[in-house]
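Chemist: Take this structure, written in structure tokens, and hold onto it; I'll ask about it next.
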Amino acid sequence: MMEAADEAEADGEVAEAGEQAAKAAAEEDVPEQKFEALTVTYERLRHSTDSGELHEFARRPLPDRADQAAFSRATALLEAVAGNLNTPEEDRVFLGETMPFPNILVKLSEDPSAVVRKAVAGNVDDKNWLVGRLTKDPDADVRDTALKNPQTSWKMRLEGAQNPECDAETLDFLAQFGAEEDSKAPKVLATMVRRAVALNPNTSAETLARLANDRESDVSRAAASRIG
């Protein structure tokens with residue numbers, strides 16, 4: 001049910017971005033002579049093989065949000081640029097790291113380059129449903145980066161802590177959630193994550209030693225069983 005709700009939210013976010021782009025297009029029914037209509041420019045950029053032009057669009061500063069039509073147009077065109085594999089990889093990485101817009105990040109999260117997907121996975125402006133998708137990415141670096149993203153849900157952290165393919169560094173990161181007395185992490189959920197880390201075969205000896213002294217007995221017993 002939770003995953004279905006996440007997918008519904010994802011569809012809503014992307015649909016909203018599409019509606020904004022459509023609105024911007026409608027407001028350009030009588031464009032100035034020097035501008036192409038939004039839909040024409042979008043399709044041209046989506047299929048362009050001119051890496052220089054695509055680079056220029058990727059790095060172009062966004063208009064002020066107060067100019068809603070121009071801002072919506074620019075973000076719509078960035079979606080086309082992000083989805084075009086002729087856009088230089090370093091520019092797709094740049095967009096993945098810096099853009100807060102779901103329609104653009106969704107495009108980049110499906111990029112065939114793991115480097116680009118990793119950039120999206122580390123973006124703190126991601127929606128949690130998008131980070132959740134990337135915690136299940138086929139590339140280990142992408143998965144581990146997504147698990148370290150503060151937008152990652154507790155459900156995904158728990159699944160990551162249970163994943164036998166998760167690396168020792170990421171497991172050590174997960175083992176620190178809620179470990180301090182003054183932690184604001186939800187006690188039950190954080191305890192479940194630390195216990196899962198203690199039982200994960202990839203957890204390092206150093207992390208296990210720390211968890212063996214955990215203030216929660218469920219965690220300390222799990223770690224002690226691995227050490228003993």
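Ligands are numbered from 1 in the order shown, residues from 1 within each chain, and chains are lettered A, B, ... in the order they appear in the structure tokens.
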Would you mind listing what lies within 8 Å of A:Met156 as a list in words, with only C-alpha atoms counted and same-chain residues fewer than 2 positions away left out?
Modeler: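 Once the nearby chain positions are removed, what remains is Gly132, Thr135, Leu147, Thr152, Ser153, Trp154, Leu158, Glu159 and Gly160 of chain A.
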Chemist: Output N, CA and C atoms for every residue in that selection, as a short mmCIF file (atom, residue, chain, number, x, y, z; two decimals), in the first residue's frame.
Modeler:
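That gives us again.cif:
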data_model
loop_
_atom_site.label_atom_id
_atom_site.label_comp_id
_atom_site.auth_asym_id
_atom_site.auth_seq_id
_atom_site.Cartn_x
_atom_site.Cartn_y
_atom_site.Cartn_z
N GLY A 132 13.45 6.63 -2.87
CA GLY A 132 13.10 5.23 -2.63
C GLY A 132 13.35 4.35 -3.85
N THR A 135 17.09 3.67 -4.10
CA THR A 135 17.67 2.72 -3.15
C THR A 135 17.60 1.30 -3.68
N LEU A 147 20.62 5.79 0.04
CA LEU A 147 20.38 5.45 1.45
C LEU A 147 20.93 6.52 2.39
N THR A 152 15.49 9.97 2.47
CA THR A 152 15.16 8.54 2.43
C THR A 152 14.21 8.18 3.58
N SER A 153 13.19 7.41 3.29
CA SER A 153 12.22 7.02 4.31
C SER A 153 12.82 5.95 5.23
N TRP A 154 12.23 5.79 6.40
CA TRP A 154 12.69 4.76 7.34
C TRP A 154 12.50 3.37 6.76
N LEU A 158 15.53 0.71 6.48
CA LEU A 158 15.47 -0.63 7.03
C LEU A 158 15.77 -1.67 5.96
N GLU A 159 15.19 -1.51 4.78
CA GLU A 159 15.46 -2.45 3.69
C GLU A 159 16.94 -2.41 3.29
N GLY A 160 17.52 -1.21 3.31
CA GLY A 160 18.96 -1.10 3.00
C GLY A 160 19.81 -1.79 4.04
#
Chemist: If you take only C-alpha atoms and a cut-off of 8 Å, which residues of stretch 99-133 of chain A touch stretch 79-83 of chain A, and what are their nearest atom pairs and distances in Å to one decimal, in chain and number order, as JSON lines?
Modeler:
{"residue": "A:Asn103", "atom": "CA", "partner": "A:Glu79", "partner_atom": "CA", "distance": 6.4}
{"residue": "A:Ile104", "atom": "CA", "partner": "A:Glu79", "partner_atom": "CA", "distance": 4.7}
{"residue": "A:Lys107", "atom": "CA", "partner": "A:Gly83", "partner_atom": "CA", "distance": 5.5}
{"residue": "A:Leu108", "atom": "CA", "partner": "A:Ala82", "partner_atom": "CA", "distance": 6.1}
{"residue": "A:Asp111", "atom": "CA", "partner": "A:Gly83", "partner_atom": "CA", "distance": 7.6}
Chemist: With all heavy atoms retained, write the just-selected residues as a compact mmCIF listing (two decimals), in the first residue's frame.
Modeler:
# COMPACT_ATOMS: atom_id res chain seq x y z
N ASN A 103 9.95 16.69 -12.42
CA ASN A 103 9.91 16.25 -13.82
C ASN A 103 11.31 16.08 -14.39
O ASN A 103 11.57 15.17 -15.19
CB ASN A 103 9.09 17.22 -14.67
CG ASN A 103 9.63 18.65 -14.63
OD1 ASN A 103 10.07 19.13 -13.59
ND2 ASN A 103 9.59 19.33 -15.76
N ILE A 104 12.26 16.92 -13.96
CA ILE A 104 13.64 16.82 -14.44
C ILE A 104 14.37 15.67 -13.75
O ILE A 104 15.06 14.87 -14.39
CB ILE A 104 14.39 18.15 -14.20
CG1 ILE A 104 13.74 19.27 -15.02
CG2 ILE A 104 15.87 18.02 -14.53
CD1 ILE A 104 14.25 20.66 -14.70
N LYS A 107 13.44 12.17 -15.04
CA LYS A 107 14.14 11.87 -16.29
C LYS A 107 15.56 11.39 -16.01
O LYS A 107 16.02 10.37 -16.54
CB LYS A 107 14.20 13.12 -17.18
CG LYS A 107 12.90 13.51 -17.83
CD LYS A 107 12.61 12.65 -19.04
CE LYS A 107 11.39 13.18 -19.79
NZ LYS A 107 11.02 12.30 -20.92
N LEU A 108 16.27 12.13 -15.16
CA LEU A 108 17.67 11.82 -14.87
C LEU A 108 17.82 10.54 -14.05
O LEU A 108 18.83 9.85 -14.15
CB LEU A 108 18.31 12.99 -14.15
CG LEU A 108 18.43 14.28 -14.97
CD1 LEU A 108 18.79 15.46 -14.08
CD2 LEU A 108 19.45 14.12 -16.09
N ASP A 111 18.41 7.66 -16.29
CA ASP A 111 19.54 7.79 -17.20
C ASP A 111 20.34 6.49 -17.23
O ASP A 111 20.54 5.85 -16.18
CB ASP A 111 20.44 8.94 -16.73
CG ASP A 111 21.37 9.45 -17.82
OD1 ASP A 111 22.36 8.74 -18.14
OD2 ASP A 111 21.12 10.54 -18.35
Chemist: In Å, how far is it from atom CA of A:Asp141 to atom CA of A:Lys118?
Modeler: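 Those two atoms sit 6.8 Å apart.
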Chemist: Using only C-alpha atoms, which of the listed residues (A:Leu105, A:Gly178, A:Arg194, A:Asn202) sits closest to A:Ala222?
Modeler: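 Among A:Leu105, A:Gly178, A:Arg194, A:Asn202, it is A:Arg194 that comes nearest to A:Ala222.
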Chemist: Quick one: residues within 9 Å of A:Val115, only C-alpha atoms counted, chain neighbours fewer than 5 positions away excluded, as a ChimeraX atom specification?
Modeler: /A:89,93,120,141-142
Chemist: Keeping N, CA and C atoms, export the residues of the selection given above as a PDB file, in the first residue's frame.
Modeler:
ATOM      1  N   GLU A  89      27.476  14.324 -20.440  1.00  0.00           N
ATOM      2  CA  GLU A  89      27.226  13.666 -19.158  1.00  0.00           C
ATOM      3  C   GLU A  89      27.474  14.603 -17.981  1.00  0.00           C
ATOM      4  N   VAL A  93      24.886  15.383 -14.995  1.00  0.00           N
ATOM      5  CA  VAL A  93      25.259  15.270 -13.576  1.00  0.00           C
ATOM      6  C   VAL A  93      24.955  16.583 -12.853  1.00  0.00           C
ATOM      7  N   VAL A 120      21.528  12.224  -8.875  1.00  0.00           N
ATOM      8  CA  VAL A 120      20.132  12.382  -8.441  1.00  0.00           C
ATOM      9  C   VAL A 120      19.947  11.779  -7.050  1.00  0.00           C
ATOM     10  N   ASP A 141      26.709   1.895  -6.038  1.00  0.00           N
ATOM     11  CA  ASP A 141      27.019   3.266  -5.634  1.00  0.00           C
ATOM     12  C   ASP A 141      25.769   4.134  -5.597  1.00  0.00           C
ATOM     13  N   VAL A 142      24.877   3.925  -6.549  1.00  0.00           N
ATOM     14  CA  VAL A 142      23.621   4.683  -6.575  1.00  0.00           C
ATOM     15  C   VAL A 142      22.775   4.318  -5.364  1.00  0.00           C
TER      16      VAL A 142
END
Chemist: Calculate how many Å separate atom CA of A:Lys127 from atom CA of A:Asp64, rounding to one decimal.
Modeler: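 About the pair atom CA of A:Lys127 and atom CA of A:Asp64: they are 22.8 Å apart.
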Chemist: With only C-alpha atoms as the counted atoms, please give the residues lying no more than 12 Å from A:Pro201, apart from itself and same-chain residues fewer than 3 positions off, as a PyMOL selection string.
Modeler: chain A and resi 161-168+171+196-198+204-205+207-208+222-223+225-227
Chemist: Residues as selected, N, CA, C and O atoms, written as a short mmCIF file (atom, residue, chain, number, x, y, z; two decimals), in the first residue's frame, can you do that?
Modeler:
data_model
loop_
_atom_site.label_atom_id
_atom_site.label_comp_id
_atom_site.auth_asym_id
_atom_site.auth_seq_id
_atom_site.Cartn_x
_atom_site.Cartn_y
_atom_site.Cartn_z
N ALA A 161 19.45 -1.63 5.31
CA ALA A 161 20.20 -2.27 6.39
C ALA A 161 20.10 -3.78 6.31
O ALA A 161 21.01 -4.51 6.75
N GLN A 162 19.02 -4.29 5.75
CA GLN A 162 18.82 -5.74 5.62
C GLN A 162 19.44 -6.31 4.35
O GLN A 162 19.60 -7.52 4.24
N ASN A 163 19.81 -5.45 3.42
CA ASN A 163 20.31 -5.89 2.12
C ASN A 163 21.74 -6.44 2.25
O ASN A 163 22.66 -5.71 2.62
N PRO A 164 21.97 -7.71 1.93
CA PRO A 164 23.31 -8.29 2.06
C PRO A 164 24.31 -7.72 1.06
O PRO A 164 25.51 -7.99 1.16
N GLU A 165 23.85 -6.91 0.10
CA GLU A 165 24.75 -6.27 -0.86
C GLU A 165 25.16 -4.87 -0.43
O GLU A 165 25.96 -4.22 -1.09
N CYS A 166 24.60 -4.38 0.67
CA CYS A 166 24.94 -3.04 1.16
C CYS A 166 26.39 -3.06 1.67
O CYS A 166 26.80 -4.00 2.35
N ASP A 167 27.16 -2.00 1.36
CA ASP A 167 28.57 -2.02 1.76
C ASP A 167 28.76 -1.60 3.22
O ASP A 167 27.87 -1.03 3.86
N ALA A 168 29.95 -1.87 3.75
CA ALA A 168 30.23 -1.65 5.17
C ALA A 168 30.15 -0.17 5.54
O ALA A 168 29.68 0.18 6.64
N LEU A 171 26.48 0.78 5.83
CA LEU A 171 25.93 0.14 7.02
C LEU A 171 26.37 0.88 8.28
O LEU A 171 25.58 1.05 9.22
N ALA A 196 19.04 -4.34 12.33
CA ALA A 196 19.23 -4.95 11.01
C ALA A 196 20.69 -4.83 10.58
O ALA A 196 21.25 -5.75 9.98
N VAL A 197 21.31 -3.68 10.88
CA VAL A 197 22.74 -3.52 10.56
C VAL A 197 23.57 -4.55 11.33
O VAL A 197 24.49 -5.17 10.77
N ALA A 198 23.24 -4.74 12.60
CA ALA A 198 23.99 -5.70 13.42
C ALA A 198 23.93 -7.11 12.85
O ALA A 198 24.88 -7.90 13.01
N SER A 204 31.00 -4.17 9.37
CA SER A 204 32.40 -4.29 9.77
C SER A 204 32.52 -4.66 11.25
O SER A 204 31.59 -4.44 12.05
N ALA A 205 33.69 -5.15 11.62
CA ALA A 205 33.95 -5.50 13.02
C ALA A 205 33.86 -4.27 13.92
O ALA A 205 33.36 -4.34 15.05
N THR A 207 31.99 -1.57 13.48
CA THR A 207 30.58 -1.20 13.66
C THR A 207 29.89 -2.17 14.61
O THR A 207 29.11 -1.77 15.48
N LEU A 208 30.19 -3.46 14.47
CA LEU A 208 29.61 -4.46 15.36
C LEU A 208 30.01 -4.21 16.81
O LEU A 208 29.18 -4.34 17.72
N ALA A 222 21.88 -8.52 19.27
CA ALA A 222 22.08 -8.94 17.87
C ALA A 222 23.56 -8.82 17.49
O ALA A 222 24.13 -9.71 16.85
N ALA A 223 24.17 -7.71 17.90
CA ALA A 223 25.59 -7.51 17.59
C ALA A 223 26.46 -8.51 18.32
O ALA A 223 27.42 -9.08 17.75
N SER A 225 25.71 -11.46 19.23
CA SER A 225 25.57 -12.80 18.63
C SER A 225 26.46 -12.97 17.41
O SER A 225 26.90 -14.06 17.10
N ARG A 226 26.75 -11.87 16.74
CA ARG A 226 27.64 -11.91 15.57
C ARG A 226 29.10 -11.96 16.00
O ARG A 226 29.92 -12.61 15.34
N ILE A 227 29.40 -11.28 17.08
CA ILE A 227 30.79 -11.25 17.55
C ILE A 227 31.15 -12.59 18.19
O ILE A 227 32.24 -13.12 17.98
#
Chemist: Work out how far apart atom CA of A:Thr41 and atom CA of A:Leu54 are and give it in Å to one decimal.
Modeler: 11.7 Å
Chemist: Enumerate as JSON, numbers by chain all residues of stretch 4-203 of chain A assigned to alpha helix (DSSP H) by DSSP on the backbone, naming them with the chain letters and numbers the document uses.
Modeler: {"A": [4, 5, 6, 7, 8, 9, 10, 11, 12, 13, 14, 15, 16, 17, 18, 19, 20, 21, 22, 23, 24, 25, 26, 38, 39, 40, 41, 42, 43, 44, 45, 46, 47, 51, 52, 53, 54, 55, 56, 57, 58, 59, 68, 69, 70, 71, 72, 73, 74, 75, 76, 77, 78, 79, 80, 81, 82, 89, 90, 91, 92, 93, 94, 95, 96, 97, 98, 102, 103, 104, 105, 106, 107, 108, 109, 114, 115, 116, 117, 118, 119, 120, 121, 128, 129, 130, 131, 132, 133, 134, 140, 141, 142, 143, 144, 145, 146, 147, 148, 154, 155, 156, 157, 158, 159, 160, 161, 162, 168, 169, 170, 171, 172, 173, 174, 187, 188, 189, 190, 191, 192, 193, 194, 195, 196, 197, 198, 199]}
Chemist: Generate a file of the selected residues that holds C-alpha atoms, formatted as a CSV table (one decimal), in the first residue's frame.
Modeler:
chain,number,residue,atom,x,y,z
A,4,ALA,CA,1.3,2.3,-4.3
A,5,ALA,CA,0.8,5.6,-2.5
A,6,ASP,CA,4.4,6.6,-3.3
A,7,GLU,CA,3.8,5.9,-7.0
A,8,ALA,CA,0.6,7.9,-6.9
A,9,GLU,CA,2.4,10.8,-5.4
A,10,ALA,CA,5.1,10.5,-8.0
A,11,ASP,CA,2.6,10.5,-10.8
A,12,GLY,CA,1.0,13.6,-9.3
A,13,GLU,CA,4.2,15.5,-8.9
A,14,VAL,CA,5.2,14.8,-12.6
A,15,ALA,CA,1.7,15.5,-13.8
A,16,GLU,CA,1.7,18.9,-12.0
A,17,ALA,CA,5.0,19.8,-13.7
A,18,GLY,CA,3.5,18.8,-17.0
A,19,GLU,CA,0.5,21.0,-16.4
A,20,GLN,CA,2.7,24.0,-15.6
A,21,ALA,CA,4.6,23.5,-18.8
A,22,ALA,CA,1.3,23.3,-20.7
A,23,LYS,CA,0.1,26.5,-19.1
A,24,ALA,CA,3.3,28.2,-20.2
A,25,ALA,CA,2.7,27.0,-23.7
A,26,ALA,CA,-0.8,28.3,-23.7
A,38,LEU,CA,7.4,26.0,-26.2
A,39,THR,CA,6.3,22.8,-27.8
A,40,VAL,CA,8.5,23.4,-30.8
A,41,THR,CA,11.6,24.2,-28.8
A,42,TYR,CA,10.9,21.2,-26.4
A,43,GLU,CA,10.8,18.7,-29.3
A,44,ARG,CA,13.9,20.2,-31.0
A,45,LEU,CA,15.9,20.0,-27.8
A,46,ARG,CA,14.6,16.5,-27.0
A,47,HIS,CA,15.9,15.2,-30.3
A,51,SER,CA,25.8,19.0,-27.6
A,52,GLY,CA,26.9,22.7,-27.5
A,53,GLU,CA,23.3,23.9,-27.6
A,54,LEU,CA,22.3,21.3,-25.1
A,55,HIS,CA,25.2,22.3,-22.8
A,56,GLU,CA,24.1,26.0,-23.0
A,57,PHE,CA,20.5,25.2,-22.1
A,58,ALA,CA,21.7,23.0,-19.2
A,59,ARG,CA,23.8,25.7,-17.6
A,68,GLN,CA,5.9,32.4,-13.9
A,69,ALA,CA,5.5,31.9,-17.6
A,70,ALA,CA,9.3,32.2,-18.3
A,71,PHE,CA,10.1,30.1,-15.3
A,72,SER,CA,7.7,27.3,-16.3
A,73,ARG,CA,9.1,27.4,-19.9
A,74,ALA,CA,12.7,27.1,-18.7
A,75,THR,CA,12.0,24.2,-16.4
A,76,ALA,CA,10.0,22.4,-19.2
A,77,LEU,CA,12.9,22.8,-21.6
A,78,LEU,CA,15.4,21.5,-19.0
A,79,GLU,CA,13.3,18.3,-18.9
A,80,ALA,CA,13.9,17.9,-22.6
A,81,VAL,CA,17.6,18.6,-22.1
A,82,ALA,CA,17.9,16.2,-19.2
A,89,GLU,CA,27.2,13.7,-19.2
A,90,GLU,CA,28.8,16.3,-16.9
A,91,ASP,CA,25.8,18.6,-17.6
A,92,ARG,CA,23.3,15.8,-16.8
A,93,VAL,CA,25.3,15.3,-13.6
A,94,PHE,CA,25.0,19.0,-12.9
A,95,LEU,CA,21.3,19.0,-13.4
A,96,GLY,CA,21.0,15.9,-11.2
A,97,GLU,CA,22.9,17.5,-8.4
A,98,THR,CA,21.2,21.0,-8.5
A,102,PRO,CA,10.5,16.3,-10.0
A,103,ASN,CA,9.9,16.3,-13.8
A,104,ILE,CA,13.6,16.8,-14.4
A,105,LEU,CA,14.9,14.5,-11.7
A,106,VAL,CA,12.6,11.7,-12.8
A,107,LYS,CA,14.1,11.9,-16.3
A,108,LEU,CA,17.7,11.8,-14.9
A,109,SER,CA,16.9,9.0,-12.4
A,114,ALA,CA,25.1,5.3,-13.2
A,115,VAL,CA,27.1,8.5,-12.5
A,116,VAL,CA,24.0,10.6,-13.5
A,117,ARG,CA,21.7,8.5,-11.4
A,118,LYS,CA,24.1,8.8,-8.4
A,119,ALA,CA,23.9,12.6,-8.7
A,120,VAL,CA,20.1,12.4,-8.4
A,121,ALA,CA,20.4,9.9,-5.5
A,128,ASN,CA,11.2,10.6,-0.8
A,129,TRP,CA,9.4,8.4,-3.4
A,130,LEU,CA,12.2,9.2,-5.9
A,131,VAL,CA,15.0,8.4,-3.5
A,132,GLY,CA,13.1,5.2,-2.6
A,133,ARG,CA,13.3,4.1,-6.3
A,134,LEU,CA,17.0,4.8,-6.3
A,140,ALA,CA,25.6,-0.3,-5.7
A,141,ASP,CA,27.0,3.3,-5.6
A,142,VAL,CA,23.6,4.7,-6.6
A,143,ARG,CA,21.9,2.6,-3.9
A,144,ASP,CA,24.3,3.5,-1.2
A,145,THR,CA,24.1,7.2,-2.1
A,146,ALA,CA,20.3,7.1,-2.0
A,147,LEU,CA,20.4,5.4,1.4
A,148,LYS,CA,22.5,8.3,2.8
A,154,TRP,CA,12.7,4.8,7.3
A,155,LYS,CA,11.2,1.9,5.4
A,156,MET,CA,14.0,2.2,2.8
A,157,ARG,CA,16.7,2.6,5.4
A,158,LEU,CA,15.5,-0.6,7.0
A,159,GLU,CA,15.5,-2.4,3.7
A,160,GLY,CA,19.0,-1.1,3.0
A,161,ALA,CA,20.2,-2.3,6.4
A,162,GLN,CA,18.8,-5.7,5.6
A,168,ALA,CA,30.2,-1.6,5.2
A,169,GLU,CA,30.5,2.2,4.9
A,170,THR,CA,26.8,2.6,4.3
A,171,LEU,CA,25.9,0.1,7.0
A,172,ASP,CA,28.1,2.1,9.5
A,173,PHE,CA,26.2,5.3,8.4
A,174,LEU,CA,22.8,3.5,9.0
A,187,LYS,CA,13.2,5.4,18.7
A,188,VAL,CA,11.5,2.3,17.4
A,189,LEU,CA,12.3,2.8,13.8
A,190,ALA,CA,15.9,3.7,14.4
A,191,THR,CA,16.3,0.7,16.7
A,192,MET,CA,15.0,-1.6,14.0
A,193,VAL,CA,17.5,-0.1,11.5
A,194,ARG,CA,20.5,-0.6,13.9
A,195,ARG,CA,19.4,-4.1,14.7
A,196,ALA,CA,19.2,-4.9,11.0
A,197,VAL,CA,22.7,-3.5,10.6
A,198,ALA,CA,24.0,-5.7,13.4
A,199,LEU,CA,22.7,-8.8,11.6
Chemist: Give me the residues near A:Ala224 as an MDAnalysis selection string, where near means some atom within 9 Å (using only C-alpha atoms) and where sequence neighbours in that chain fewer than 3 positions away do not count.
Modeler: chainID A and resid 198 208:209 211:213 219:221 227:228
Chemist: Given the selection you just returned, output its residues as a file containing all heavy atoms, formatted as a CSV table (one decimal), in the first residue's frame.
Modeler:
chain,number,residue,atom,x,y,z
A,198,ALA,N,23.2,-4.7,12.6
A,198,ALA,CA,24.0,-5.7,13.4
A,198,ALA,C,23.9,-7.1,12.9
A,198,ALA,O,24.9,-7.9,13.0
A,198,ALA,CB,23.4,-5.7,14.9
A,208,LEU,N,30.2,-3.5,14.5
A,208,LEU,CA,29.6,-4.5,15.4
A,208,LEU,C,30.0,-4.2,16.8
A,208,LEU,O,29.2,-4.3,17.7
A,208,LEU,CB,30.0,-5.9,14.9
A,208,LEU,CG,29.3,-6.5,13.8
A,208,LEU,CD1,29.9,-7.8,13.4
A,208,LEU,CD2,27.8,-6.7,14.1
A,209,ALA,N,31.3,-3.9,17.0
A,209,ALA,CA,31.7,-3.6,18.4
A,209,ALA,C,31.0,-2.4,19.0
A,209,ALA,O,30.6,-2.5,20.2
A,209,ALA,CB,33.2,-3.3,18.4
A,211,LEU,N,27.9,-1.4,18.1
A,211,LEU,CA,26.5,-1.8,18.3
A,211,LEU,C,26.4,-2.8,19.5
A,211,LEU,O,25.3,-2.9,20.1
A,211,LEU,CB,26.0,-2.5,17.0
A,211,LEU,CG,25.8,-1.5,15.9
A,211,LEU,CD1,25.4,-2.3,14.6
A,211,LEU,CD2,24.8,-0.4,16.2
A,212,ALA,N,27.4,-3.5,19.8
A,212,ALA,CA,27.4,-4.5,21.0
A,212,ALA,C,27.2,-3.7,22.3
A,212,ALA,O,26.8,-4.3,23.3
A,212,ALA,CB,28.6,-5.3,21.0
A,213,ASN,N,27.5,-2.4,22.2
A,213,ASN,CA,27.4,-1.6,23.4
A,213,ASN,C,26.2,-0.6,23.3
A,213,ASN,O,26.1,0.4,24.0
A,213,ASN,CB,28.6,-0.7,23.7
A,213,ASN,CG,29.8,-1.6,24.1
A,213,ASN,OD1,29.7,-2.4,24.9
A,213,ASN,ND2,30.9,-1.4,23.4
A,219,VAL,N,19.4,-4.4,20.0
A,219,VAL,CA,20.6,-4.1,19.1
A,219,VAL,C,21.8,-4.8,19.6
A,219,VAL,O,22.6,-5.4,18.9
A,219,VAL,CB,20.8,-2.6,18.9
A,219,VAL,CG1,22.0,-2.3,18.0
A,219,VAL,CG2,19.5,-2.0,18.3
A,220,SER,N,22.1,-4.5,20.9
A,220,SER,CA,23.3,-5.0,21.5
A,220,SER,C,23.4,-6.6,21.5
A,220,SER,O,24.4,-7.2,21.2
A,220,SER,CB,23.5,-4.5,22.9
A,220,SER,OG,22.4,-4.9,23.8
A,221,ARG,N,22.2,-7.2,21.7
A,221,ARG,CA,22.2,-8.7,21.7
A,221,ARG,C,22.5,-9.2,20.3
A,221,ARG,O,23.2,-10.2,20.1
A,221,ARG,CB,20.9,-9.2,22.2
A,221,ARG,CG,20.7,-9.2,23.7
A,221,ARG,CD,19.6,-10.1,24.1
A,221,ARG,NE,18.3,-9.8,23.6
A,221,ARG,CZ,17.4,-9.0,24.1
A,221,ARG,NH1,17.7,-8.5,25.4
A,221,ARG,NH2,16.3,-8.7,23.5
A,227,ILE,N,29.4,-11.3,17.1
A,227,ILE,CA,30.8,-11.2,17.5
A,227,ILE,C,31.2,-12.6,18.2
A,227,ILE,O,32.2,-13.1,18.0
A,227,ILE,CB,31.0,-10.1,18.6
A,227,ILE,CG1,30.8,-8.8,17.9
A,227,ILE,CG2,32.4,-10.2,19.2
A,227,ILE,CD1,30.8,-7.6,18.8
A,228,GLY,N,30.2,-13.1,19.0
A,228,GLY,CA,30.5,-14.4,19.6
A,228,GLY,C,30.5,-15.5,18.7
A,228,GLY,O,31.2,-16.5,18.9
